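Asker: entry20.cif is reproduced below (mmCIF, C-alpha atoms (C1' of nucleotides)).
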data_final
loop_
_atom_site.label_atom_id
_atom_site.label_comp_id
_atom_site.auth_asym_id
_atom_site.auth_seq_id
_atom_site.Cartn_x
_atom_site.Cartn_y
_atom_site.Cartn_z
CA MET A 1 -35.16 -1.20 -11.74
CA ASN A 2 -35.78 -4.14 -13.96
CA SER A 3 -35.87 -4.17 -17.71
CA ARG A 4 -38.72 -1.69 -17.78
CA PHE A 5 -36.43 1.19 -18.50
CA SER A 6 -35.17 -0.60 -21.57
CA THR A 7 -38.68 -1.25 -22.76
CA ALA A 8 -39.70 2.34 -22.12
CA VAL A 9 -36.83 3.66 -24.19
CA HIS A 10 -37.73 1.22 -26.92
CA ILE A 11 -41.30 2.47 -26.93
CA LEU A 12 -40.42 6.15 -26.93
CA THR A 13 -37.91 5.69 -29.70
CA LEU A 14 -40.54 3.93 -31.72
CA LEU A 15 -42.98 6.78 -31.20
CA ALA A 16 -40.28 9.24 -32.14
CA SER A 17 -39.64 7.37 -35.35
CA THR A 18 -43.17 7.97 -36.67
CA PRO A 19 -43.92 11.53 -35.65
CA GLU A 20 -46.80 11.94 -38.09
CA GLU A 21 -49.09 9.23 -36.83
CA ARG A 22 -50.38 7.68 -33.66
CA VAL A 23 -49.25 4.19 -32.85
CA THR A 24 -51.47 1.64 -31.16
CA SER A 25 -50.36 -0.36 -28.15
CA GLU A 26 -51.06 -3.45 -30.19
CA TYR A 27 -48.55 -2.39 -32.79
CA ILE A 28 -45.96 -1.41 -30.23
CA ALA A 29 -46.43 -4.76 -28.54
CA MET A 30 -45.66 -6.58 -31.76
CA SER A 31 -42.57 -4.51 -32.29
CA VAL A 32 -41.32 -5.08 -28.77
CA GLY A 33 -42.42 -8.70 -28.76
CA THR A 34 -44.85 -8.70 -25.90
CA ASN A 35 -48.47 -8.21 -24.98
CA ALA A 36 -50.36 -4.96 -25.51
CA VAL A 37 -51.43 -4.76 -21.91
CA VAL A 38 -47.85 -4.76 -20.79
CA ILE A 39 -47.18 -1.87 -23.10
CA ARG A 40 -50.21 0.04 -21.88
CA ARG A 41 -49.05 -0.34 -18.33
CA GLN A 42 -45.73 1.21 -19.20
CA LEU A 43 -47.29 3.94 -21.23
CA ALA A 44 -49.60 4.78 -18.37
CA LEU A 45 -46.56 5.66 -16.29
CA LEU A 46 -44.99 7.67 -19.05
CA ARG A 47 -48.25 9.53 -19.49
CA GLU A 48 -48.43 10.39 -15.80
CA ALA A 49 -45.03 11.95 -16.28
CA GLY A 50 -46.36 13.93 -19.20
CA LEU A 51 -44.14 12.34 -21.83
CA VAL A 52 -46.83 10.75 -23.98
CA GLU A 53 -50.54 11.06 -24.56
CA SER A 54 -53.12 8.54 -25.67
CA LYS A 55 -56.36 8.70 -27.52
CA GLY A 56 -58.91 5.96 -27.16
CA ALA A 57 -61.30 4.63 -29.72
CA ARG A 58 -60.97 3.97 -33.39
CA GLY A 59 -58.07 5.80 -34.97
CA GLY A 60 -56.55 6.33 -31.56
CA GLY A 61 -53.15 5.39 -30.25
CA TRP A 62 -50.13 6.96 -28.65
CA ALA A 63 -47.87 9.88 -29.39
CA LEU A 64 -45.12 11.88 -27.76
CA THR A 65 -46.19 15.16 -26.20
CA ARG A 66 -42.90 16.86 -27.12
CA THR A 67 -40.23 16.61 -29.74
CA PRO A 68 -37.78 13.78 -29.01
CA GLU A 69 -35.00 16.30 -28.51
CA ARG A 70 -36.80 17.50 -25.44
CA ILE A 71 -37.26 14.17 -23.70
CA ARG A 72 -34.30 13.25 -21.55
CA LEU A 73 -33.71 9.70 -20.41
CA SER A 74 -33.48 10.96 -16.85
CA GLU A 75 -37.14 11.88 -17.14
CA VAL A 76 -37.92 8.42 -18.35
CA ARG A 77 -36.26 6.91 -15.36
CA ALA A 78 -38.08 9.27 -13.05
CA ALA A 79 -41.36 8.37 -14.71
CA LEU A 80 -40.91 4.70 -13.91
CA GLY A 81 -40.85 5.51 -10.25
CA LYS A 82 -38.57 4.58 -7.45
CA GLU A 83 -38.42 0.97 -8.53
CA ALA A 84 -35.11 0.79 -6.86
CA SER A 85 -31.96 -0.01 -8.65
CA PHE A 86 -30.56 0.18 -5.22
CA ARG A 87 -32.53 -2.01 -2.97
CA MET A 88 -32.15 -2.64 0.73
CA HIS A 89 -31.97 -6.17 1.96
CA ARG A 90 -35.22 -6.83 3.67
CA ASN A 91 -34.02 -9.29 6.29
CA GLU A 92 -34.82 -8.56 9.88
CA PRO A 93 -31.43 -8.01 11.50
CA HIS A 94 -30.69 -9.31 14.94
CA PRO A 95 -32.05 -6.81 17.46
CA LYS A 96 -28.82 -6.71 19.41
CA CYS A 97 -26.58 -6.09 16.42
CA VAL A 98 -25.57 -2.43 16.22
CA VAL A 99 -24.45 -2.81 12.65
CA GLY A 100 -27.64 -4.54 11.58
CA GLN A 101 -29.81 -1.97 13.29
CA ASN A 102 -28.14 0.99 11.63
CA VAL A 103 -26.57 -0.06 8.38
CA ARG A 104 -29.69 0.67 6.36
CA GLN A 105 -29.65 4.26 7.42
CA ALA A 106 -26.01 4.52 6.43
CA LEU A 107 -26.78 2.94 3.08
CA GLU A 108 -29.52 5.40 2.35
CA GLY A 109 -26.98 8.15 1.99
CA VAL A 110 -24.87 6.03 -0.29
CA TYR A 111 -27.81 5.16 -2.48
CA ALA A 112 -29.02 8.72 -2.69
CA GLY A 113 -25.65 9.73 -4.05
CA ALA A 114 -25.55 6.90 -6.54
CA GLU A 115 -29.04 7.61 -7.76
CA GLN A 116 -28.13 11.24 -8.32
CA ALA A 117 -25.10 10.14 -10.32
CA VAL A 118 -27.24 7.92 -12.51
CA MET A 119 -29.72 10.67 -13.16
CA ALA A 120 -26.98 13.08 -14.08
CA SER A 121 -25.63 10.56 -16.54
CA LEU A 122 -29.01 9.86 -18.11
CA LYS A 123 -29.67 13.54 -18.43
CA GLY A 124 -27.01 13.54 -21.12
CA TRP A 125 -29.21 11.54 -23.49
CA THR A 126 -32.46 12.34 -25.21
CA VAL A 127 -34.91 10.20 -27.13
CA ALA A 128 -33.68 11.93 -30.27
CA ASP A 129 -30.18 10.68 -29.47
CA MET A 130 -31.51 7.18 -29.20
CA LEU A 131 -33.30 7.38 -32.48
CA ARG A 132 -30.15 8.64 -34.15
CA GLU A 133 -28.06 5.86 -32.57
CA VAL A 134 -30.59 3.30 -33.69
CA ARG A 135 -30.49 4.54 -37.24
CA LEU A 136 -26.72 4.61 -37.30
CA ALA A 137 -26.60 1.08 -36.00
CA ALA A 138 -29.12 -0.03 -38.58
CA GLN A 139 -27.12 1.59 -41.34
CA ALA A 140 -23.94 0.01 -40.11
CA ALA A 141 -25.56 -3.39 -39.94
CA HIS A 142 -26.89 -2.95 -43.43
CA ALA A 143 -23.56 -1.81 -44.79
CA THR A 144 -21.82 -4.73 -43.15
CA ALA A 145 -24.27 -7.19 -44.54
CA GLY A 146 -23.87 -5.62 -47.95
CA ASN A 147 -20.18 -4.91 -48.37
CA GLY A 148 -18.34 -5.31 -45.11
CA VAL A 149 -18.02 -1.60 -44.35
CA LYS A 150 -18.76 -0.69 -40.76
CA ARG A 151 -19.11 2.68 -39.07
CA THR A 152 -18.62 3.61 -35.47
CA PRO A 153 -21.58 5.53 -34.11
CA ARG A 154 -20.81 8.72 -32.30
CA ASN A 155 -21.44 8.79 -28.56
CA PRO A 156 -23.03 12.06 -27.50
CA ALA A 157 -23.29 11.74 -23.73
CA GLY A 158 -20.91 12.53 -20.91
CA MET B 1 -28.41 -5.69 -8.80
CA ASN B 2 -30.68 -6.91 -6.10
CA SER B 3 -30.28 -6.46 -2.40
CA ARG B 4 -26.98 -8.30 -2.41
CA PHE B 5 -24.98 -5.13 -2.35
CA SER B 6 -26.77 -4.09 0.81
CA THR B 7 -26.06 -7.41 2.43
CA ALA B 8 -22.44 -7.28 1.39
CA VAL B 9 -21.96 -3.87 2.95
CA HIS B 10 -23.66 -5.12 6.08
CA ILE B 11 -21.27 -8.04 6.27
CA LEU B 12 -18.15 -6.01 5.64
CA THR B 13 -19.14 -3.42 8.19
CA LEU B 14 -19.68 -6.16 10.69
CA LEU B 15 -16.24 -7.58 10.01
CA ALA B 16 -14.77 -4.11 10.33
CA SER B 17 -16.41 -3.67 13.68
CA THR B 18 -14.51 -6.58 15.25
CA PRO B 19 -11.02 -6.26 13.82
CA GLU B 20 -9.44 -8.45 16.45
CA GLU B 21 -11.28 -11.65 15.82
CA ARG B 22 -12.62 -13.82 13.06
CA VAL B 23 -16.35 -14.03 12.65
CA THR B 24 -18.13 -17.20 11.57
CA SER B 25 -20.66 -17.27 8.78
CA GLU B 26 -23.12 -18.64 11.29
CA TYR B 27 -22.72 -15.58 13.46
CA ILE B 28 -22.97 -13.21 10.53
CA ALA B 29 -26.09 -14.99 9.39
CA MET B 30 -27.72 -14.40 12.76
CA SER B 31 -26.80 -10.76 12.67
CA VAL B 32 -28.13 -10.29 9.16
CA GLY B 33 -31.11 -12.49 9.78
CA THR B 34 -30.58 -15.17 7.20
CA ASN B 35 -28.97 -18.52 6.56
CA ALA B 36 -25.25 -19.18 6.81
CA VAL B 37 -25.07 -20.63 3.33
CA VAL B 38 -26.39 -17.42 1.88
CA ILE B 39 -23.68 -15.53 3.70
CA ARG B 40 -20.99 -17.89 2.52
CA ARG B 41 -22.09 -17.43 -1.04
CA GLN B 42 -21.71 -13.70 -0.73
CA LEU B 43 -18.41 -13.97 1.04
CA ALA B 44 -17.11 -16.27 -1.67
CA LEU B 45 -17.57 -13.43 -4.16
CA LEU B 46 -15.94 -10.92 -1.87
CA ARG B 47 -13.06 -13.28 -1.39
CA GLU B 48 -12.55 -13.69 -5.11
CA ALA B 49 -12.20 -9.93 -5.22
CA GLY B 50 -9.61 -10.10 -2.48
CA LEU B 51 -11.60 -8.18 0.09
CA VAL B 52 -11.94 -10.90 2.71
CA GLU B 53 -10.31 -14.16 3.62
CA SER B 54 -11.64 -17.24 5.33
CA LYS B 55 -10.19 -19.94 7.46
CA GLY B 56 -11.95 -23.25 7.74
CA ALA B 57 -12.03 -25.57 10.71
CA ARG B 58 -12.39 -24.94 14.37
CA GLY B 59 -11.50 -21.42 15.38
CA GLY B 60 -11.92 -20.31 11.81
CA GLY B 61 -14.11 -17.67 10.30
CA TRP B 62 -13.87 -14.55 8.20
CA ALA B 63 -11.85 -11.37 8.29
CA LEU B 64 -11.09 -8.38 6.10
CA THR B 65 -7.81 -8.52 4.20
CA ARG B 66 -7.26 -4.77 4.55
CA THR B 67 -8.15 -2.00 6.89
CA PRO B 68 -11.69 -0.76 6.33
CA GLU B 69 -10.34 2.61 5.20
CA ARG B 70 -8.92 0.89 2.19
CA ILE B 71 -12.05 -0.89 0.99
CA ARG B 72 -14.15 1.26 -1.29
CA LEU B 73 -17.77 0.48 -1.95
CA SER B 74 -17.04 0.59 -5.66
CA GLU B 75 -14.88 -2.48 -5.13
CA VAL B 76 -17.74 -4.17 -3.37
CA ARG B 77 -20.04 -3.54 -6.28
CA ALA B 78 -17.44 -4.80 -8.70
CA ALA B 79 -17.00 -7.92 -6.60
CA LEU B 80 -20.64 -8.82 -6.92
CA GLY B 81 -20.25 -9.00 -10.65
CA LYS B 82 -22.19 -7.60 -13.50
CA GLU B 83 -25.50 -8.50 -11.93
CA ALA B 84 -26.97 -5.68 -13.87
CA SER B 85 -28.64 -2.76 -12.30
CA PHE B 86 -29.28 -1.86 -15.86
CA ARG B 87 -30.88 -4.74 -17.57
CA MET B 88 -31.98 -5.12 -21.13
CA HIS B 89 -35.46 -6.31 -21.87
CA ARG B 90 -35.11 -9.79 -23.14
CA ASN B 91 -38.09 -9.84 -25.49
CA GLU B 92 -37.50 -10.85 -29.03
CA PRO B 93 -38.31 -7.75 -31.04
CA HIS B 94 -40.14 -7.99 -34.31
CA PRO B 95 -37.58 -8.81 -37.00
CA LYS B 96 -38.80 -6.05 -39.28
CA CYS B 97 -38.68 -3.32 -36.65
CA VAL B 98 -35.60 -1.16 -37.09
CA VAL B 99 -35.96 0.28 -33.62
CA GLY B 100 -36.38 -3.11 -32.01
CA GLN B 101 -33.42 -4.53 -33.83
CA ASN B 102 -31.06 -1.77 -32.77
CA VAL B 103 -32.25 -0.18 -29.60
CA ARG B 104 -30.29 -2.56 -27.41
CA GLN B 105 -27.07 -1.50 -28.96
CA ALA B 106 -27.97 2.12 -28.40
CA LEU B 107 -28.85 1.38 -24.80
CA GLU B 108 -25.53 -0.28 -24.15
CA GLY B 109 -23.79 3.04 -24.46
CA VAL B 110 -26.27 4.64 -22.12
CA TYR B 111 -25.85 1.93 -19.53
CA ALA B 112 -22.09 2.00 -19.71
CA GLY B 113 -22.15 5.66 -18.86
CA ALA B 114 -24.60 5.20 -16.02
CA GLU B 115 -22.60 2.34 -14.58
CA GLN B 116 -19.48 4.46 -14.62
CA ALA B 117 -21.33 7.20 -12.81
CA VAL B 118 -22.46 4.80 -10.13
CA MET B 119 -18.98 3.48 -9.63
CA ALA B 120 -17.56 6.96 -9.34
CA SER B 121 -20.12 7.76 -6.69
CA LEU B 122 -19.48 4.58 -4.72
CA LYS B 123 -15.78 5.23 -4.86
CA GLY B 124 -16.43 8.09 -2.48
CA TRP B 125 -17.30 5.73 0.36
CA THR B 126 -15.25 3.20 2.27
CA VAL B 127 -16.22 0.48 4.69
CA ALA B 128 -14.71 2.65 7.41
CA ASP B 129 -17.15 5.39 6.47
CA MET B 130 -20.00 2.97 6.82
CA LEU B 131 -18.86 1.85 10.22
CA ARG B 132 -18.60 5.43 11.37
CA GLU B 133 -22.06 6.24 10.02
CA VAL B 134 -23.47 3.21 11.73
CA ARG B 135 -21.98 4.22 15.03
CA LEU B 136 -23.20 7.76 14.73
CA ALA B 137 -26.67 6.52 13.94
CA ALA B 138 -26.58 4.18 16.89
CA GLN B 139 -25.45 6.98 19.18
CA ALA B 140 -28.16 9.25 17.89
CA ALA B 141 -30.80 6.60 18.39
CA HIS B 142 -29.56 5.97 21.88
CA ALA B 143 -29.46 9.64 22.75
CA THR B 144 -32.98 10.09 21.42
CA ALA B 145 -34.27 7.20 23.40
CA GLY B 146 -32.58 8.54 26.50
CA ASN B 147 -33.16 12.29 26.46
CA GLY B 148 -34.52 13.44 23.16
CA VAL B 149 -31.23 14.82 21.86
CA LYS B 150 -30.51 13.93 18.25
CA ARG B 151 -27.39 14.43 16.16
CA THR B 152 -27.07 14.70 12.43
CA PRO B 153 -24.42 12.36 11.08
CA ARG B 154 -21.89 13.85 8.74
CA ASN B 155 -22.00 12.80 5.11
CA PRO B 156 -18.52 12.21 3.74
CA ALA B 157 -19.11 11.39 0.10
CA GLY B 158 -19.41 13.49 -3.01
"C1'" DT C 1 -74.41 0.54 -34.47
"C1'" DT C 2 -70.33 -1.55 -35.41
"C1'" DT C 3 -65.49 -1.23 -34.88
"C1'" DA C 4 -60.99 -0.06 -33.12
"C1'" DT C 5 -58.90 1.67 -29.18
"C1'" DC C 6 -57.72 2.52 -24.57
"C1'" DG C 7 -58.06 1.32 -19.18
"C1'" DT C 8 -57.78 -1.79 -15.87
"C1'" DA C 9 -58.65 -5.64 -12.81
"C1'" DA C 10 -57.96 -10.40 -11.89
"C1'" DC C 11 -55.50 -14.23 -12.64
"C1'" DA C 12 -51.54 -17.23 -14.62
"C1'" DT C 13 -46.99 -18.01 -15.71
"C1'" DT C 14 -42.23 -17.41 -15.72
"C1'" DT C 15 -38.04 -15.85 -13.93
"C1'" DT C 16 -35.16 -14.45 -10.32
"C1'" DT C 17 -33.78 -14.43 -5.78
"C1'" DT C 18 -33.35 -16.28 -1.48
"C1'" DG C 19 -33.35 -20.03 1.82
"C1'" DT C 20 -32.48 -24.98 3.42
"C1'" DG C 21 -30.53 -29.51 4.18
"C1'" DA C 22 -26.95 -32.50 3.46
"C1'" DC C 23 -22.45 -33.91 3.34
"C1'" DG C 24 -17.43 -33.79 2.49
"C1'" DC C 25 -13.03 -31.57 3.78
"C1'" DT C 26 -9.82 -29.27 7.04
"C1'" DT C 27 -7.72 -27.92 11.27
"C1'" DT C 28 -7.72 -27.30 16.07
"C1'" DT C 29 -7.95 -29.31 20.48
"C1'" DA C 30 -8.91 -32.49 24.07
"C1'" DT D 1 -6.51 -39.91 16.98
"C1'" DA D 2 -11.15 -38.70 17.24
"C1'" DA D 3 -14.45 -35.20 18.07
"C1'" DA D 4 -15.78 -30.56 17.16
"C1'" DA D 5 -16.25 -26.39 14.71
"C1'" DG D 6 -15.48 -24.29 10.66
"C1'" DC D 7 -15.84 -23.67 5.58
"C1'" DG D 8 -17.40 -25.17 0.41
"C1'" DT D 9 -20.77 -26.36 -2.37
"C1'" DC D 10 -24.48 -29.01 -4.59
"C1'" DA D 11 -29.26 -29.93 -5.16
"C1'" DC D 12 -33.51 -28.75 -4.14
"C1'" DA D 13 -37.41 -25.73 -2.00
"C1'" DA D 14 -39.75 -21.68 -1.30
"C1'" DA D 15 -40.75 -17.09 -1.90
"C1'" DA D 16 -40.83 -12.91 -4.30
"C1'" DA D 17 -40.86 -10.20 -8.33
"C1'" DA D 18 -41.71 -9.51 -12.97
"C1'" DT D 19 -44.14 -10.39 -16.93
"C1'" DG D 20 -47.88 -12.10 -19.67
"C1'" DT D 21 -52.96 -13.18 -20.53
"C1'" DT D 22 -57.87 -12.92 -20.60
"C1'" DA D 23 -61.75 -10.41 -20.07
"C1'" DC D 24 -64.66 -6.74 -20.21
"C1'" DG D 25 -66.22 -1.89 -19.82
"C1'" DA D 26 -65.91 2.80 -21.86
"C1'" DT D 27 -65.38 5.87 -25.78
"C1'" DA D 28 -65.28 7.93 -30.16
"C1'" DA D 29 -64.83 7.46 -35.12
"C1'" DA D 30 -66.82 5.65 -39.25
#
Using structure tokens, write down the structure that the file contains.
Answerer:
Amino acid sequence: MNSRFSTAVHILTLLASTPEERVTSEYIAMSVGTNAVVIRRQLALLREAGLVESKGARGGGWALTRTPERIRLSEVRAALGKEASFRMHRNEPHPKCVVGQNVRQALEGVYAGAEQAVMASLKGWTVADMLREVRLAAQAAHATAGNGVKRTPRNPAG
Amino acid sequence: MNSRFSTAVHILTLLASTPEERVTSEYIAMSVGTNAVVIRRQLALLREAGLVESKGARGGGWALTRTPERIRLSEVRAALGKEASFRMHRNEPHPKCVVGQNVRQALEGVYAGAEQAVMASLKGWTVADMLREVRLAAQAAHATAGNGVKRTPRNPAG
DNA sequence: TTTATCGTAACATTTTTTGTGACGCTTTTA
DNA sequence: TAAAAGCGTCACAAAAAATGTTACGATAAA
């Protein structure tokens, strides 16, 4: 994966933070600091996974299809496809090298296990968790700026 | 991370497969199908982590510092540094957006957990495991080519 | 019928990763 | 002691991947 997962979480948290109204890709783009098309590309993937829905035309925009409590970050990762955190080296190994010819196959098992572990970990977080963490952090930052008090946000995942 | 982890495992497995003799970066490069400098760069990292040692000059080359049973893939990942499987988006979020300003911090917790999960998974594999898997795969391939018989390699990790 | 949106393709740019050549240093060995 | 075979590493080149941009069609609300 690249930074797309980060962006996706950013987007979903933003949508979660304004449950009453649709948000346009243009607006999201400003918030994230990028171009609307980039955002639409991401949202297209999330929509395929059934996490968000869009409405075209005037007054349109994007919204979550479920409450944020019911969107797990493991689903977000799945939505972004197999963009490979764990990537094989693509070099052509020497044809006579037994290791080179077979190490990929061996690695596949390793990667499958690691990917499962990641998904299990991400399953412990929801978009609602993220929104809460964000708000806590914001509060803390504000408090610090104001009077030096700082709170430690609670960590809900395992 | 990129494909460096894959390459590193390839290299270490290769070293494990010839315990009696040192292997030159040139040779490894041929096996992997790349340039010797690339290999040396990788090996430099693995050396810093104490997994391999090199000897310059004629007759020199690379060798493992321990038996392959005692090198866990989690150590390999650690050796390659924090090259981020889980990467933040680097866009500058809009200064007024609460989500944008704080989502990174929230994500850090998520990523820390995921990284731990990956490491725990990789800890279940050693270089010796990889070598065994490679040999099983090679045998299977050979058997298939010869007479159609195929074996399923055992999967040792959890 | 104008306007605000999405959808998407084509192209441009930037960033990251990988590869290459060159050259100095070290140790073995003839 | 000089040649040879290694490593170590820098600077640069090339390739690949990711991200950003422009443009334009389609659609529905106003």
Asker: Each residue of chain D lying at most 12 Å from stretch 83-104 of chain A should get a row with its shortest atom-to-atom pair and the distance in Å to one decimal, counting only C-alpha atoms (C1' of nucleotides); could you produce that, ordered by chain and increasing number, as CSV?
Answerer:
residue,atom,partner,partner_atom,distance
D:DA16,C1',A:Arg90,CA,11.5
D:DA17,C1',A:Glu83,CA,11.4
D:DA18,C1',A:Glu83,CA,11.8
Asker: Write out as a list in words every residue belonging to chain B that has an atom at most 10 Å from any atom of chain C, counting only C-alpha atoms (C1' of nucleotides).
Answerer: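 The contacting residues on chain B are Asn2, Ser3, Arg4, Thr34, Asn35, Ala36, Val37, Val38, Lys55, Gly56, Ala57, Arg58, Gly59 and Gly60 of chain B.
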Asker: For the provided coordinates, the residues matched by the PyMOL selection byres ((chain A and resi 6-17) around 8) should be stated as JSON, numbers by chain.
Answerer: {"A": [3, 4, 5, 18, 19, 22, 23, 28, 32, 42, 43, 62, 63, 64, 67, 68, 73, 76, 127, 128, 130, 131], "B": [87, 88, 89, 99, 100, 103, 104, 107]}
Asker: Go ahead and save the picked residues with C-alpha atoms, as a CSV table (one decimal), in the frame of the given file.
Answerer:
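And here's result_33.csv as it stands now:
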chain,number,residue,atom,x,y,z
A,3,SER,CA,-35.9,-4.2,-17.7
A,4,ARG,CA,-38.7,-1.7,-17.8
A,5,PHE,CA,-36.4,1.2,-18.5
A,18,THR,CA,-43.2,8.0,-36.7
A,19,PRO,CA,-43.9,11.5,-35.6
A,22,ARG,CA,-50.4,7.7,-33.7
A,23,VAL,CA,-49.2,4.2,-32.8
A,28,ILE,CA,-46.0,-1.4,-30.2
A,32,VAL,CA,-41.3,-5.1,-28.8
A,42,GLN,CA,-45.7,1.2,-19.2
A,43,LEU,CA,-47.3,3.9,-21.2
A,62,TRP,CA,-50.1,7.0,-28.6
A,63,ALA,CA,-47.9,9.9,-29.4
A,64,LEU,CA,-45.1,11.9,-27.8
A,67,THR,CA,-40.2,16.6,-29.7
A,68,PRO,CA,-37.8,13.8,-29.0
A,73,LEU,CA,-33.7,9.7,-20.4
A,76,VAL,CA,-37.9,8.4,-18.4
A,127,VAL,CA,-34.9,10.2,-27.1
A,128,ALA,CA,-33.7,11.9,-30.3
A,130,MET,CA,-31.5,7.2,-29.2
A,131,LEU,CA,-33.3,7.4,-32.5
B,87,ARG,CA,-30.9,-4.7,-17.6
B,88,MET,CA,-32.0,-5.1,-21.1
B,89,HIS,CA,-35.5,-6.3,-21.9
B,99,VAL,CA,-36.0,0.3,-33.6
B,100,GLY,CA,-36.4,-3.1,-32.0
B,103,VAL,CA,-32.2,-0.2,-29.6
B,104,ARG,CA,-30.3,-2.6,-27.4
B,107,LEU,CA,-28.8,1.4,-24.8
Asker: Could you work out how far atom CA of A:Leu122 lies from atom CA of B:Ala117, giving the answer in Å with one decimal?
Answerer: 9.7 Å
Asker: What does the structure give for the distance between atom C1' of D:DA28 and atom CA of A:Ala49, in Å to one decimal?
Answerer: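 Interatomic distance here is 24.9 Å.
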Asker: I would like the residues chosen by the PyMOL selection byres ((chain D) within 8 of (chain A)) on the shown file; could you give them as a PyMOL selection string?
Answerer: chain D and resi 19-20+27-29
Asker: For each of B:Ala141, B:Val134, B:Glu26, B:Glu48, take the minimum atom-to-atom distance to chain A, counting all atoms listed in the file, then give the residue where this is smallest.
Answerer: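 Once distances to chain A are computed over all atoms listed in the file, the minimum belongs to B:Val134.
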Asker: Between A:Gly50, A:Ala140, A:Lys82, A:Gly113, which is the closest to chain B once you count all atoms listed in the file?
Answerer: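 Ranking A:Gly50, A:Ala140, A:Lys82, A:Gly113 by distance to chain B, first place goes to A:Gly113.
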Asker: For stretch 5-15 of chain C, what centre and edge lengths in Å (one decimal) does the axis-aligned box get once 3 Å is added on each side of all its listed atoms, as JSON?
Answerer:
{"center_x": -48.5, "center_y": -7.7, "center_z": -20.5, "size_x": 26.9, "size_y": 26.5, "size_z": 23.3}
Asker: Please measure the separation of atom CA of A:Tyr111 and atom CA of B:Arg70, giving the value in Å to one decimal.
Answerer: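 Straight-line distance from atom CA of A:Tyr111 to atom CA of B:Arg70 works out to 19.9 Å.
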Asker: Nearest residue to chain B out of A:Trp125, A:Ala143, A:Leu45, A:Glu69, using only C-alpha atoms?
Answerer: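 Comparing A:Trp125, A:Ala143, A:Leu45, A:Glu69 against chain B, the winner is A:Trp125.
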Asker: Nearest residue to chain A out of B:Ala114, B:Leu46, B:Leu80, B:Ala120, using all atoms listed in the file?
Answerer: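 Closest residue, counting all atoms listed in the file: B:Ala114.
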Asker: Give the answer as one residue: which of B:Arg66, B:Lys123, B:Arg41, B:Arg47 has the shortest atom-to-atom distance to chain A, using all atoms listed in the file?
Answerer: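 Closest residue, counting all atoms listed in the file: B:Lys123.
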Asker: Out of D:DT21, D:DG8, D:DT1, D:DA14, which residue has the shortest atom-to-atom distance to B:Ala44 when counting all atoms listed in the file?
Answerer: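 Using all atoms listed in the file, B:Ala44 sits closest to D:DG8.
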